[in-house]
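S.K.: Next comes final23.cif, mmCIF, C-alpha atoms and all ligand atoms:
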```
data_data
#
loop_
_atom_site.label_atom_id
_atom_site.label_comp_id
_atom_site.auth_asym_id
_atom_site.auth_seq_id
_atom_site.Cartn_x
_atom_site.Cartn_y
_atom_site.Cartn_z
CA MET R 239 151.48 -67.16 -37.38
CA GLY R 240 153.49 -69.56 -39.52
CA VAL R 241 157.16 -69.97 -40.25
CA THR R 242 159.30 -67.07 -38.93
CA PHE R 243 162.96 -67.97 -39.72
CA GLU R 244 163.84 -67.02 -36.13
CA GLY R 245 167.53 -66.30 -35.70
CA TYR R 246 167.99 -65.20 -39.30
CA PRO R 247 169.11 -61.53 -39.36
CA GLU R 248 166.97 -58.83 -41.00
CA ILE R 249 168.38 -56.31 -43.41
CA SER R 250 169.32 -53.14 -41.51
CA GLY R 251 168.48 -49.53 -42.29
CA GLU R 252 172.11 -48.90 -43.33
CA GLU R 253 172.08 -51.91 -45.63
CA ILE R 254 168.83 -50.79 -47.24
CA LYS R 255 170.35 -47.38 -47.89
CA ALA R 256 173.61 -48.89 -49.18
CA ALA R 257 171.66 -51.21 -51.51
CA LEU R 258 169.58 -48.35 -52.91
CA ASP R 259 172.66 -46.13 -53.22
CA PHE R 260 174.44 -48.83 -55.22
CA SER R 261 171.35 -49.45 -57.38
CA CYS R 262 171.29 -45.74 -58.29
CA ARG R 263 175.01 -45.81 -59.02
CA GLN R 264 174.66 -48.81 -61.30
CA ILE R 265 171.62 -47.38 -63.11
CA LEU R 266 173.31 -44.01 -63.64
CA HIS R 267 176.44 -45.80 -64.84
CA VAL R 268 174.59 -47.69 -67.59
CA LEU R 269 172.03 -44.98 -68.38
CA PRO R 270 173.73 -43.60 -71.53
CA GLU R 271 173.42 -47.06 -73.13
CA PHE R 272 169.90 -47.66 -71.81
CA THR R 273 167.98 -44.44 -72.39
CA ASP R 274 166.89 -44.96 -75.99
CA LYS R 275 167.12 -48.71 -75.48
CA PHE R 276 165.92 -51.08 -72.78
CA GLN R 277 167.65 -53.82 -70.81
CA HIS R 278 166.85 -57.27 -72.18
CA ALA R 279 164.66 -59.62 -70.12
CA PHE R 280 167.74 -61.38 -68.77
CA SER R 281 171.48 -60.94 -68.76
CA THR R 282 174.10 -63.04 -70.55
CA ASP R 283 177.07 -63.80 -68.31
CA GLY R 284 175.81 -61.05 -66.00
CA PHE R 285 175.36 -58.33 -68.63
CA TYR R 286 172.11 -57.17 -70.17
CA PRO R 287 172.31 -56.35 -73.85
CA PRO R 288 170.33 -53.33 -75.11
CA VAL R 289 167.02 -54.07 -76.86
CA GLU R 290 164.10 -52.23 -78.46
CA ASN R 291 160.83 -51.81 -76.58
CA ARG R 292 159.19 -55.08 -77.74
CA ASP R 293 159.20 -57.59 -74.91
CA TRP R 294 156.71 -57.95 -72.02
CA THR R 295 159.52 -57.01 -69.65
CA CYS R 296 160.58 -53.52 -70.79
CA GLY R 297 158.50 -51.65 -68.19
CA PHE R 298 160.67 -53.00 -65.39
CA TRP R 299 163.73 -51.17 -66.65
CA THR R 300 161.81 -47.88 -66.76
CA GLY R 301 160.44 -48.74 -63.31
CA GLU R 302 163.98 -49.09 -61.99
CA ILE R 303 164.76 -45.65 -63.39
CA TRP R 304 161.77 -44.16 -61.55
CA LEU R 305 162.66 -45.91 -58.30
CA ALA R 306 166.21 -44.61 -58.63
CA TYR R 307 164.84 -41.12 -59.32
CA GLU R 308 162.75 -41.36 -56.15
CA HIS R 309 165.84 -42.32 -54.16
CA CYS R 310 168.44 -39.90 -55.44
CA GLY R 311 166.56 -37.23 -57.42
CA ASP R 312 169.17 -37.07 -60.20
CA GLU R 313 167.66 -35.19 -63.16
CA ARG R 314 169.36 -37.51 -65.67
CA LEU R 315 167.03 -40.22 -64.42
CA ARG R 316 163.95 -38.07 -64.90
CA HIS R 317 165.05 -37.28 -68.44
CA ALA R 318 165.64 -40.96 -69.27
CA GLY R 319 162.29 -41.91 -67.73
CA GLU R 320 160.51 -39.34 -69.90
CA VAL R 321 162.27 -40.56 -73.06
CA GLN R 322 161.09 -44.08 -72.27
CA VAL R 323 157.53 -43.05 -71.48
CA HIS R 324 157.42 -41.41 -74.92
CA ASP R 325 158.54 -44.71 -76.40
CA PHE R 326 155.80 -46.55 -74.49
CA LEU R 327 153.20 -44.17 -75.93
CA ASN R 328 154.54 -44.91 -79.40
CA ARG R 329 154.41 -48.64 -78.66
CA ILE R 330 150.74 -48.65 -77.68
CA ASP R 331 149.74 -46.15 -80.41
CA ASN R 332 151.29 -48.39 -83.04
CA LYS R 333 150.30 -51.63 -81.33
CA ILE R 334 153.87 -52.92 -81.26
CA ALA R 335 153.93 -56.36 -79.59
CA VAL R 336 150.92 -55.70 -77.36
CA ASP R 337 148.76 -58.70 -78.34
CA HIS R 338 148.96 -60.23 -74.86
CA HIS R 339 147.88 -59.47 -71.31
CA ASP R 340 151.09 -57.99 -69.91
CA MET R 341 149.91 -54.39 -70.18
CA GLY R 342 150.24 -53.94 -66.41
CA PHE R 343 153.81 -55.22 -66.28
CA LEU R 344 154.61 -52.88 -69.15
CA TYR R 345 152.67 -49.75 -68.27
CA SER R 346 152.36 -49.62 -64.45
CA PRO R 347 156.03 -49.26 -63.46
CA SER R 348 156.78 -47.05 -66.48
CA CYS R 349 153.81 -44.83 -67.35
CA VAL R 350 151.53 -44.94 -64.29
CA ALA R 351 154.68 -44.31 -62.24
CA ALA R 352 155.61 -41.33 -64.42
CA TYR R 353 152.13 -39.88 -64.04
CA LYS R 354 152.15 -40.34 -60.26
CA LEU R 355 155.69 -39.03 -59.78
CA ILE R 356 155.99 -36.16 -62.22
CA GLY R 357 152.46 -35.72 -63.56
CA SER R 358 153.49 -37.01 -67.04
CA ARG R 359 150.56 -36.47 -69.47
CA GLU R 360 152.14 -38.86 -71.96
CA GLY R 361 152.37 -41.44 -69.19
CA ARG R 362 148.68 -41.04 -68.40
CA GLU R 363 147.64 -41.26 -72.04
CA ALA R 364 149.80 -44.32 -72.71
CA ALA R 365 148.63 -46.14 -69.59
CA LEU R 366 144.95 -45.50 -70.37
CA LYS R 367 145.43 -46.84 -73.88
CA ALA R 368 147.19 -49.88 -72.44
CA ALA R 369 144.23 -50.43 -70.09
CA ASP R 370 141.93 -50.43 -73.14
CA GLN R 371 144.18 -52.98 -74.79
CA LEU R 372 144.05 -55.15 -71.68
CA VAL R 373 140.25 -55.13 -71.39
CA SER R 374 140.04 -56.11 -75.06
CA ARG R 375 141.40 -59.52 -73.99
CA PHE R 376 138.52 -60.24 -71.62
CA GLN R 377 136.69 -63.47 -72.34
CA PRO R 378 133.07 -63.25 -71.10
CA VAL R 379 132.70 -67.03 -71.51
CA GLY R 380 134.65 -68.06 -68.43
CA GLU R 381 135.12 -64.45 -67.22
CA PHE R 382 138.87 -64.07 -67.47
CA ILE R 383 141.52 -62.13 -69.36
CA GLN R 384 143.19 -64.38 -71.93
CA ALA R 385 146.92 -64.30 -71.38
CA TRP R 386 148.52 -65.15 -74.67
CA GLY R 387 147.95 -65.80 -78.33
CA PRO R 388 145.11 -64.98 -80.71
CA MET R 389 141.79 -64.54 -78.93
CA ASN R 390 139.74 -67.77 -78.68
CA ALA R 391 142.60 -70.00 -79.87
CA PRO R 392 141.86 -73.35 -78.18
CA GLU R 393 145.48 -73.90 -77.09
CA ASN R 394 145.36 -70.55 -75.33
CA TYR R 395 141.89 -70.38 -73.78
CA ARG R 396 143.43 -69.80 -70.39
CA LEU R 397 144.58 -67.35 -67.76
CA ILE R 398 147.88 -67.37 -65.89
CA ILE R 399 148.62 -66.52 -62.27
CA ASP R 400 151.09 -63.77 -63.25
CA CYS R 401 148.14 -61.70 -64.56
CA LEU R 402 147.18 -60.68 -61.03
CA LEU R 403 149.95 -58.07 -61.35
CA ASN R 404 148.45 -56.71 -64.58
CA LEU R 405 145.13 -55.79 -62.97
CA PRO R 406 146.11 -52.75 -60.88
CA LEU R 407 146.37 -50.93 -64.23
CA LEU R 408 142.62 -51.44 -64.63
CA TYR R 409 141.82 -50.14 -61.13
CA TRP R 410 143.97 -47.11 -61.83
CA ALA R 411 142.17 -46.54 -65.15
CA SER R 412 138.77 -46.65 -63.44
CA GLU R 413 139.95 -44.21 -60.82
CA GLU R 414 141.38 -41.88 -63.46
CA THR R 415 138.44 -41.93 -65.88
CA GLY R 416 135.53 -42.54 -63.52
CA GLU R 417 134.53 -45.48 -65.76
CA GLY R 418 133.67 -48.63 -63.83
CA ARG R 419 134.14 -51.02 -66.75
CA TYR R 420 137.90 -51.48 -66.16
CA ARG R 421 137.41 -52.31 -62.49
CA GLU R 422 134.49 -54.66 -63.23
CA ILE R 423 136.59 -56.71 -65.63
CA ALA R 424 139.50 -56.78 -63.19
CA GLU R 425 137.24 -58.02 -60.44
CA LYS R 426 135.74 -60.77 -62.58
CA HIS R 427 139.19 -61.92 -63.62
CA ILE R 428 140.50 -61.93 -60.04
CA HIS R 429 137.54 -63.98 -58.90
CA THR R 430 137.97 -66.55 -61.69
CA ALA R 431 141.74 -66.71 -61.22
CA VAL R 432 141.71 -67.10 -57.47
CA ALA R 433 138.94 -69.73 -57.60
CA ASN R 434 140.97 -71.90 -59.97
CA VAL R 435 144.72 -71.43 -59.66
CA VAL R 436 145.01 -72.18 -55.94
CA ARG R 437 145.23 -75.92 -55.26
CA GLU R 438 144.09 -77.70 -52.11
CA ASP R 439 147.50 -77.52 -50.47
CA TYR R 440 147.83 -73.81 -51.45
CA SER R 441 150.42 -74.44 -54.09
CA THR R 442 149.33 -72.86 -57.37
CA TRP R 443 148.82 -73.64 -61.03
CA HIS R 444 150.81 -71.46 -63.36
CA THR R 445 148.09 -71.51 -66.04
CA PHE R 446 144.47 -72.62 -66.07
CA PHE R 447 142.28 -73.55 -69.06
CA PHE R 448 138.53 -73.05 -69.51
CA ASN R 449 135.96 -74.66 -71.76
CA ARG R 450 135.40 -72.38 -74.74
CA GLU R 451 131.70 -73.21 -75.12
CA THR R 452 130.58 -73.17 -71.49
CA GLY R 453 133.34 -71.25 -69.68
CA ALA R 454 133.60 -74.11 -67.16
CA PRO R 455 137.01 -74.58 -65.50
CA ASP R 456 138.88 -77.29 -67.40
CA HIS R 457 142.39 -77.99 -66.18
CA GLY R 458 145.59 -76.49 -64.83
CA ALA R 459 148.97 -76.77 -66.57
CA THR R 460 152.40 -75.37 -66.12
CA CYS R 461 154.25 -73.38 -68.71
CA GLN R 462 157.47 -72.46 -66.94
CA GLY R 463 157.51 -74.89 -64.01
CA TYR R 464 159.33 -78.19 -63.56
CA ARG R 465 156.14 -80.25 -63.97
CA ASP R 466 152.40 -79.67 -64.03
CA GLY R 467 151.72 -80.52 -60.40
CA SER R 468 154.75 -78.72 -58.99
CA ALA R 469 154.79 -75.13 -57.78
CA TRP R 470 156.87 -72.99 -60.12
CA ALA R 471 158.59 -70.63 -57.68
CA ARG R 472 157.78 -67.45 -59.54
CA GLY R 473 154.17 -68.45 -60.11
CA GLN R 474 153.82 -68.90 -56.35
CA ALA R 475 155.52 -65.53 -55.77
CA TRP R 476 153.16 -63.84 -58.25
CA GLY R 477 150.41 -65.47 -56.17
CA VAL R 478 151.78 -63.95 -52.94
CA TYR R 479 151.94 -60.44 -54.36
CA GLY R 480 148.80 -60.98 -56.44
CA MET R 481 146.70 -61.96 -53.38
CA ALA R 482 147.89 -58.86 -51.52
CA LEU R 483 146.88 -56.67 -54.46
CA ALA R 484 143.60 -58.57 -54.89
CA TYR R 485 142.76 -57.74 -51.29
CA LYS R 486 143.89 -54.12 -51.62
CA TYR R 487 141.64 -53.53 -54.62
CA THR R 488 138.58 -55.67 -53.82
CA GLY R 489 138.54 -55.55 -50.00
CA ARG R 490 137.32 -59.19 -50.04
CA LYS R 491 138.20 -60.69 -46.67
CA GLU R 492 138.63 -64.22 -48.05
CA TYR R 493 141.70 -63.03 -49.97
CA ILE R 494 143.50 -62.33 -46.67
CA ASP R 495 143.35 -66.01 -45.77
CA LEU R 496 144.40 -67.01 -49.26
CA PHE R 497 147.34 -64.63 -48.99
CA ARG R 498 148.36 -66.26 -45.68
CA ASN R 499 148.16 -69.77 -47.08
CA VAL R 500 149.79 -69.17 -50.45
CA THR R 501 152.59 -67.26 -48.68
CA GLU R 502 153.06 -70.02 -46.13
CA TYR R 503 153.46 -72.57 -48.92
CA PHE R 504 156.12 -70.38 -50.50
CA LEU R 505 157.97 -69.81 -47.22
CA THR R 506 157.93 -73.44 -46.09
CA HIS R 507 159.51 -74.50 -49.39
CA LEU R 508 162.51 -72.20 -49.16
CA PRO R 509 166.02 -73.55 -48.70
CA LYS R 510 168.21 -72.39 -45.81
CA ASP R 511 169.19 -69.05 -47.35
CA LEU R 512 165.53 -68.11 -47.97
CA VAL R 513 165.92 -67.74 -51.75
CA PRO R 514 164.00 -70.41 -53.69
CA TYR R 515 165.16 -72.77 -56.35
CA TRP R 516 163.41 -72.06 -59.63
CA ASP R 517 160.69 -74.55 -58.74
CA LEU R 518 159.54 -75.23 -55.16
CA GLU R 519 159.80 -78.94 -55.95
CA PHE R 520 163.51 -78.58 -55.20
CA SER R 521 164.85 -78.23 -51.69
CA GLU R 522 168.11 -77.62 -49.85
CA GLY R 523 171.10 -79.06 -51.66
CA ALA R 524 169.38 -79.62 -55.04
CA ASP R 525 171.62 -79.32 -58.07
CA GLU R 526 169.30 -76.74 -59.63
CA PRO R 527 169.52 -72.97 -60.13
CA ARG R 528 167.77 -70.47 -57.88
CA ASP R 529 165.25 -67.89 -58.92
CA SER R 530 166.25 -64.88 -56.84
CA SER R 531 163.55 -62.79 -58.56
CA SER R 532 160.84 -64.83 -56.80
CA ALA R 533 162.28 -63.83 -53.43
CA GLY R 534 162.03 -60.12 -54.25
CA ILE R 535 158.48 -60.46 -55.62
CA ALA R 536 157.30 -62.34 -52.51
CA ALA R 537 158.96 -59.77 -50.22
CA CYS R 538 157.05 -56.98 -52.00
CA GLY R 539 153.79 -58.90 -51.60
CA MET R 540 154.35 -59.35 -47.86
CA LEU R 541 155.30 -55.69 -47.46
CA GLU R 542 152.12 -54.66 -49.28
CA MET R 543 149.91 -56.97 -47.20
CA CYS R 544 151.40 -55.59 -43.94
CA LYS R 545 149.38 -52.43 -44.54
CA TYR R 546 146.07 -54.24 -44.07
CA LEU R 547 146.85 -56.59 -41.16
CA GLU R 548 146.72 -56.19 -37.39
CA PRO R 549 150.05 -54.88 -35.99
CA GLU R 550 151.34 -58.21 -34.69
CA GLU R 551 150.76 -60.08 -37.93
CA ALA R 552 152.03 -57.15 -39.99
CA ALA R 553 155.24 -57.14 -37.93
CA HIS R 554 155.62 -60.87 -38.62
CA TYR R 555 155.50 -60.44 -42.40
CA ARG R 556 157.73 -57.35 -42.23
CA ARG R 557 160.33 -59.39 -40.33
CA VAL R 558 160.15 -62.28 -42.79
CA ALA R 559 160.50 -59.88 -45.74
CA GLY R 560 163.45 -58.24 -43.98
CA ARG R 561 165.13 -61.63 -43.60
CA ILE R 562 164.64 -62.55 -47.23
CA MET R 563 166.00 -59.16 -48.28
CA LYS R 564 169.02 -59.63 -46.02
CA SER R 565 169.86 -62.82 -47.87
CA LEU R 566 169.33 -61.21 -51.26
CA TYR R 567 171.57 -58.33 -50.22
CA ASP R 568 174.31 -60.49 -48.70
CA ASN R 569 174.38 -63.39 -51.14
CA TYR R 570 172.83 -62.36 -54.46
CA ALA R 571 173.13 -58.60 -54.97
CA VAL R 572 175.70 -57.17 -57.38
CA LYS R 573 178.19 -55.09 -55.39
CA ASP R 574 180.47 -53.64 -58.07
CA LEU R 575 180.14 -52.30 -61.60
CA GLU R 576 182.52 -54.88 -63.12
CA THR R 577 180.59 -58.06 -62.25
CA SER R 578 177.35 -57.14 -63.98
CA ASN R 579 175.30 -54.26 -65.34
CA GLY R 580 172.32 -55.52 -63.33
CA LEU R 581 171.43 -55.61 -59.65
CA VAL R 582 170.66 -59.19 -58.55
CA LEU R 583 172.37 -62.39 -59.70
CA HIS R 584 171.07 -65.98 -59.82
CA ALA R 585 167.59 -65.56 -61.22
CA THR R 586 165.98 -68.03 -63.63
CA TYR R 587 163.62 -66.99 -66.40
CA SER R 588 162.84 -70.36 -67.96
CA LYS R 589 164.71 -73.61 -67.43
CA ARG R 590 164.30 -76.48 -69.83
CA SER R 591 162.33 -79.44 -68.42
CA PRO R 592 160.16 -82.14 -70.00
CA TYR R 593 157.06 -80.12 -68.99
CA ASN R 594 158.21 -76.56 -69.58
CA THR R 595 156.60 -75.35 -72.79
CA CYS R 596 158.14 -71.88 -72.60
CA ASN R 597 161.30 -71.04 -74.56
CA PRO R 598 164.28 -71.77 -72.32
CA GLY R 599 166.58 -68.87 -71.44
CA GLY R 600 168.01 -66.71 -68.69
CA VAL R 601 169.05 -69.55 -66.38
CA ASP R 602 171.15 -68.42 -63.39
CA GLU R 603 171.37 -64.86 -64.68
CA CYS R 604 170.05 -61.46 -63.67
CA ASN R 605 166.54 -60.81 -64.85
CA ILE R 606 164.99 -57.41 -65.21
CA TRP R 607 161.99 -57.91 -62.92
CA GLY R 608 164.25 -59.46 -60.27
CA ASP R 609 166.23 -56.21 -60.27
CA TYR R 610 163.04 -54.12 -60.27
CA PHE R 611 161.35 -55.95 -57.36
CA TYR R 612 164.57 -55.94 -55.35
CA MET R 613 164.55 -52.14 -55.63
CA GLU R 614 160.83 -51.95 -54.97
CA ALA R 615 161.17 -53.97 -51.75
CA LEU R 616 164.10 -51.80 -50.62
CA THR R 617 162.12 -48.67 -51.41
CA ARG R 618 159.13 -50.00 -49.48
CA MET R 619 161.40 -50.59 -46.49
CA SER R 620 162.97 -47.15 -46.71
CA LYS R 621 159.81 -45.04 -46.71
CA ASP R 622 156.03 -44.97 -47.01
CA TRP R 623 156.01 -45.70 -50.75
CA GLU R 624 153.14 -44.85 -53.07
CA LEU R 625 153.01 -47.94 -55.21
CA TYR R 626 153.11 -47.88 -59.00
CA TRP R 627 150.70 -50.86 -59.12
N1 LIG X 701 155.38 -63.47 -66.37
C1 LIG X 701 156.35 -64.34 -66.90
C2 LIG X 701 157.39 -64.73 -65.94
O1 LIG X 701 157.25 -64.50 -64.75
O2 LIG X 701 158.40 -65.28 -66.37
#
```
Produce structure tokens that represent the structure in this file.
M.R.:
Amino acid sequence: MGVTFEGYPEISGEEIKAALDFSCRQILHVLPEFTDKFQHAFSTDGFYPPVENRDWTCGFWTGEIWLAYEHCGDERLRHAGEVQVHDFLNRIDNKIAVDHHDMGFLYSPSCVAAYKLIGSREGREAALKAADQLVSRFQPVGEFIQAWGPMNAPENYRLIIDCLLNLPLLYWASEETGEGRYREIAEKHIHTAVANVVREDYSTWHTFFFNRETGAPDHGATCQGYRDGSAWARGQAWGVYGMALAYKYTGRKEYIDLFRNVTEYFLTHLPKDLVPYWDLEFSEGADEPRDSSSAGIAACGMLEMCKYLEPEEAAHYRRVAGRIMKSLYDNYAVKDLETSNGLVLHATYSKRSPYNTCNPGGVDECNIWGDYFYMEALTRMSKDWELYW
């Protein structure tokens, strides 16, 4: 069954409720500033500045608002969520900063969520348009969705592991429209991604390049990790959640085993408090920052996969997720309104290293998806949650 962290306490029902109650309090507290604006990708000294709806990360803030609405039902949250969904429709209609693959990160927790929760027609329209935008990035030569940059640019003829979270938008679009083309592209991408990003030891490549003429797999490379051959913690966490979603949507049995192995690699590279350093290269005592957001993402992946496993194995992953969440709650969560306007401290967006080609920023800060997935995991543990993905 793998590593269990026996002896480590699980988060209790009261703690889950207290954590969700505080999350709602914090979100309601900052809502006047963040209704027409969004929280930035990461905080500065614990505080998110307000930004326009331009980054790949803005959907997480709206997702937090919907999760808070689910928990406490305050109508101010519903109003703010609707204002933001309108903004997301404007963004896709006017093609504002949507020339990349992160349509799922943007439109699932904001617009699909709004449609599922309150039947928002604008949410449905925006999310379907975003799905069209996402399929427009499919590369038939190689059969994958190109992550970044102008289509066919040689330096960007690649996919990235994070994209596994963008694909549920396509399954939803097929379900909604009855058109199989979204699902077919999603399935091709999943197959290509899974076949190439998972290494022999079940660590993962962050990004993987293909030959532009033949589509043949070329090579893996990091973008945000410590070095090419290391396992960037968040990439591995996207793999954990991504494999669970890949199994949910394709039903392919081989993805269950991949989920087990990718998850085991993640878990066996955690330090004592079960929250990873920003790259799994680093272990207990390293003088490096954590990425608390990876812990929340992996917990969500395990909680999703529990639904499809036999009871004993499901209970195992539920316990492990409960232990990780206990550590996040005890050691990383914001507990008062003065420390931060976010929810979870000590996340790392992108730390400078000789191999990291991503812009550095957000080191040892809150980040917006860390806050979102913390709330999603808590919500999953508090009820039978209909997922936004
Ligand atoms: N998807 C980009 C990141 O995880 O930082």
S.K.: Glu381 in chain R: which residues within 10 Å, counting all atoms listed in the file, same-chain residues fewer than 2 positions away excluded, as number ranges by chain?
M.R.: R: 376-379, 383-384, 397, 423-431, 448, 453-454
S.K.: Find the residues near Trp443 in chain R: any atom within 7 Å, counting only C-alpha atoms, skip ones fewer than 4 places away on the same chain, and give them as a list in words.
M.R.: Val435, Val436, Gly458, Ala459, Thr460 and Ala469 of chain R
S.K.: If you take all atoms listed in the file and a cut-off of 7 Å, which residues of chain R touch ligand LIG 701 (chain X), and what are their nearest atom pairs and distances in Å to one decimal, in chain and number order, as a tab-separated table?
M.R.:
```
residue	atom	partner	partner_atom	distance
R:Asp400	CA	X:LIG701	N1	5.3
R:Arg472	CA	X:LIG701	O1	6.0
R:Gly473	CA	X:LIG701	O1	6.8
R:Tyr587	CA	X:LIG701	O2	5.5
R:Ser588	CA	X:LIG701	O2	6.9
```
S.K.: Kindly indicate which residue among R:Tyr395, R:Tyr493, R:Tyr345, R:Phe382 lies nearest to Ala365 in chain R, using only C-alpha atoms for the distances.
M.R.: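 Answer, going by the shortest atom-to-atom distance: R:Tyr345.
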S.K.: Can you tell me, as a PyMOL selection string, what residues are no more than 8 Å from Asp602 in chain R when counting all atoms listed in the file, ignoring any on the same chain fewer than 5 positions away?
M.R.: chain R and resi 527-529+583-586
S.K.: Which value, in Å to one decimal, gives the distance between CA of Asp517 in chain R and CA of Ala471 in chain R?
M.R.: 4.6 Å
S.K.: CA of Asp293 in chain R to CA of Glu576 in chain R: how many Å, to one decimal?
M.R.: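 Interatomic distance here is 26.3 Å.
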S.K.: Please measure the separation of CA of Met389 in chain R and CA of Val289 in chain R, giving the value in Å to one decimal.
M.R.: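 Result for CA of Met389 in chain R versus CA of Val289 in chain R: 27.4 Å, one decimal.
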S.K.: With 12 Å as the threshold, what does the neighbourhood of (171.8, -76.6, -53.4) contain in terms of residues, counting all atoms listed in the file? Coordinates are those of the file; answer as a list in words.
M.R.: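 Residues satisfying the cut-off, written out: Leu508, Pro509, Lys510, Asp511, Leu512, Val513, Pro514, Tyr515, Trp516, Phe520, Ser521, Glu522, Gly523, Ala524, Asp525, Glu526, Pro527 and Arg528 of chain R.
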S.K.: Output C-alpha atoms for every residue in that selection, as an mmCIF file, keeping the file's coordinate frame.
M.R.:
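File produced: part22.cif:
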```cif
data_model
loop_
_atom_site.group_PDB
_atom_site.id
_atom_site.type_symbol
_atom_site.label_atom_id
_atom_site.label_comp_id
_atom_site.auth_asym_id
_atom_site.auth_seq_id
_atom_site.Cartn_x
_atom_site.Cartn_y
_atom_site.Cartn_z
ATOM 1 C CA LEU R 508 162.510 -72.200 -49.160
ATOM 2 C CA PRO R 509 166.020 -73.550 -48.700
ATOM 3 C CA LYS R 510 168.210 -72.390 -45.810
ATOM 4 C CA ASP R 511 169.190 -69.050 -47.350
ATOM 5 C CA LEU R 512 165.530 -68.110 -47.970
ATOM 6 C CA VAL R 513 165.920 -67.740 -51.750
ATOM 7 C CA PRO R 514 164.000 -70.410 -53.690
ATOM 8 C CA TYR R 515 165.160 -72.770 -56.350
ATOM 9 C CA TRP R 516 163.410 -72.060 -59.630
ATOM 10 C CA PHE R 520 163.510 -78.580 -55.200
ATOM 11 C CA SER R 521 164.850 -78.230 -51.690
ATOM 12 C CA GLU R 522 168.110 -77.620 -49.850
ATOM 13 C CA GLY R 523 171.100 -79.060 -51.660
ATOM 14 C CA ALA R 524 169.380 -79.620 -55.040
ATOM 15 C CA ASP R 525 171.620 -79.320 -58.070
ATOM 16 C CA GLU R 526 169.300 -76.740 -59.630
ATOM 17 C CA PRO R 527 169.520 -72.970 -60.130
ATOM 18 C CA ARG R 528 167.770 -70.470 -57.880
#
```
S.K.: Need to verify the contact set: range 296-305 of chain R, 10 Å, all atoms listed in the file, exclusion of same-chain residues closer than 6 positions in sequence. Can you return it as a compact mmCIF listing (two decimals) with C-alpha atoms, in the frame of the given file?
M.R.:
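Result went into out-v8.txt, see below:
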```txt
# COMPACT_ATOMS: atom_id res chain seq x y z
CA LEU R 258 169.58 -48.35 -52.91
CA SER R 261 171.35 -49.45 -57.38
CA CYS R 262 171.29 -45.74 -58.29
CA ILE R 265 171.62 -47.38 -63.11
CA LEU R 266 173.31 -44.01 -63.64
CA LEU R 269 172.03 -44.98 -68.38
CA PHE R 272 169.90 -47.66 -71.81
CA THR R 273 167.98 -44.44 -72.39
CA LYS R 275 167.12 -48.71 -75.48
CA PHE R 276 165.92 -51.08 -72.78
CA GLN R 277 167.65 -53.82 -70.81
CA HIS R 278 166.85 -57.27 -72.18
CA ALA R 279 164.66 -59.62 -70.12
CA VAL R 289 167.02 -54.07 -76.86
CA GLU R 290 164.10 -52.23 -78.46
CA GLY R 311 166.56 -37.23 -57.42
CA ARG R 314 169.36 -37.51 -65.67
CA LEU R 315 167.03 -40.22 -64.42
CA ARG R 316 163.95 -38.07 -64.90
CA HIS R 317 165.05 -37.28 -68.44
CA ALA R 318 165.64 -40.96 -69.27
CA GLY R 319 162.29 -41.91 -67.73
CA GLU R 320 160.51 -39.34 -69.90
CA VAL R 321 162.27 -40.56 -73.06
CA GLN R 322 161.09 -44.08 -72.27
CA VAL R 323 157.53 -43.05 -71.48
CA PHE R 326 155.80 -46.55 -74.49
CA ASP R 340 151.09 -57.99 -69.91
CA MET R 341 149.91 -54.39 -70.18
CA GLY R 342 150.24 -53.94 -66.41
CA PHE R 343 153.81 -55.22 -66.28
CA LEU R 344 154.61 -52.88 -69.15
CA TYR R 345 152.67 -49.75 -68.27
CA SER R 346 152.36 -49.62 -64.45
CA PRO R 347 156.03 -49.26 -63.46
CA SER R 348 156.78 -47.05 -66.48
CA CYS R 349 153.81 -44.83 -67.35
CA VAL R 350 151.53 -44.94 -64.29
CA ALA R 351 154.68 -44.31 -62.24
CA ALA R 352 155.61 -41.33 -64.42
CA LEU R 355 155.69 -39.03 -59.78
CA ILE R 356 155.99 -36.16 -62.22
CA ASN R 605 166.54 -60.81 -64.85
CA ILE R 606 164.99 -57.41 -65.21
CA TRP R 607 161.99 -57.91 -62.92
CA GLY R 608 164.25 -59.46 -60.27
CA ASP R 609 166.23 -56.21 -60.27
CA TYR R 610 163.04 -54.12 -60.27
CA PHE R 611 161.35 -55.95 -57.36
CA TYR R 612 164.57 -55.94 -55.35
CA MET R 613 164.55 -52.14 -55.63
CA GLU R 614 160.83 -51.95 -54.97
CA LEU R 616 164.10 -51.80 -50.62
CA THR R 617 162.12 -48.67 -51.41
CA TYR R 626 153.11 -47.88 -59.00
```
S.K.: Leaving out Arg556 in chain R and any residue of its chain fewer than 2 positions from it, which residues lie within 9 Å of it when counting all atoms listed in the file, given as a list in words?
M.R.: Ala537, Met540, Leu541, Cys544, Glu551, Ala552, Ala553, His554, Val558, Ala559, Gly560, Arg561 and Met619 of chain R
S.K.: Selection from above, C-alpha atoms, as a compact mmCIF listing (two decimals), keeping the file's coordinate frame, can you write it?
M.R.:
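Everything below was put into out-v9.txt:
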```txt
# COMPACT_ATOMS: atom_id res chain seq x y z
CA ALA R 537 158.96 -59.77 -50.22
CA MET R 540 154.35 -59.35 -47.86
CA LEU R 541 155.30 -55.69 -47.46
CA CYS R 544 151.40 -55.59 -43.94
CA GLU R 551 150.76 -60.08 -37.93
CA ALA R 552 152.03 -57.15 -39.99
CA ALA R 553 155.24 -57.14 -37.93
CA HIS R 554 155.62 -60.87 -38.62
CA VAL R 558 160.15 -62.28 -42.79
CA ALA R 559 160.50 -59.88 -45.74
CA GLY R 560 163.45 -58.24 -43.98
CA ARG R 561 165.13 -61.63 -43.60
CA MET R 619 161.40 -50.59 -46.49
```
S.K.: From the options R:Cys310, R:Met543, R:Val373, R:Ala484, which residue's atoms come nearest to Ala385 in chain R, counting only C-alpha atoms?
M.R.: R:Val373
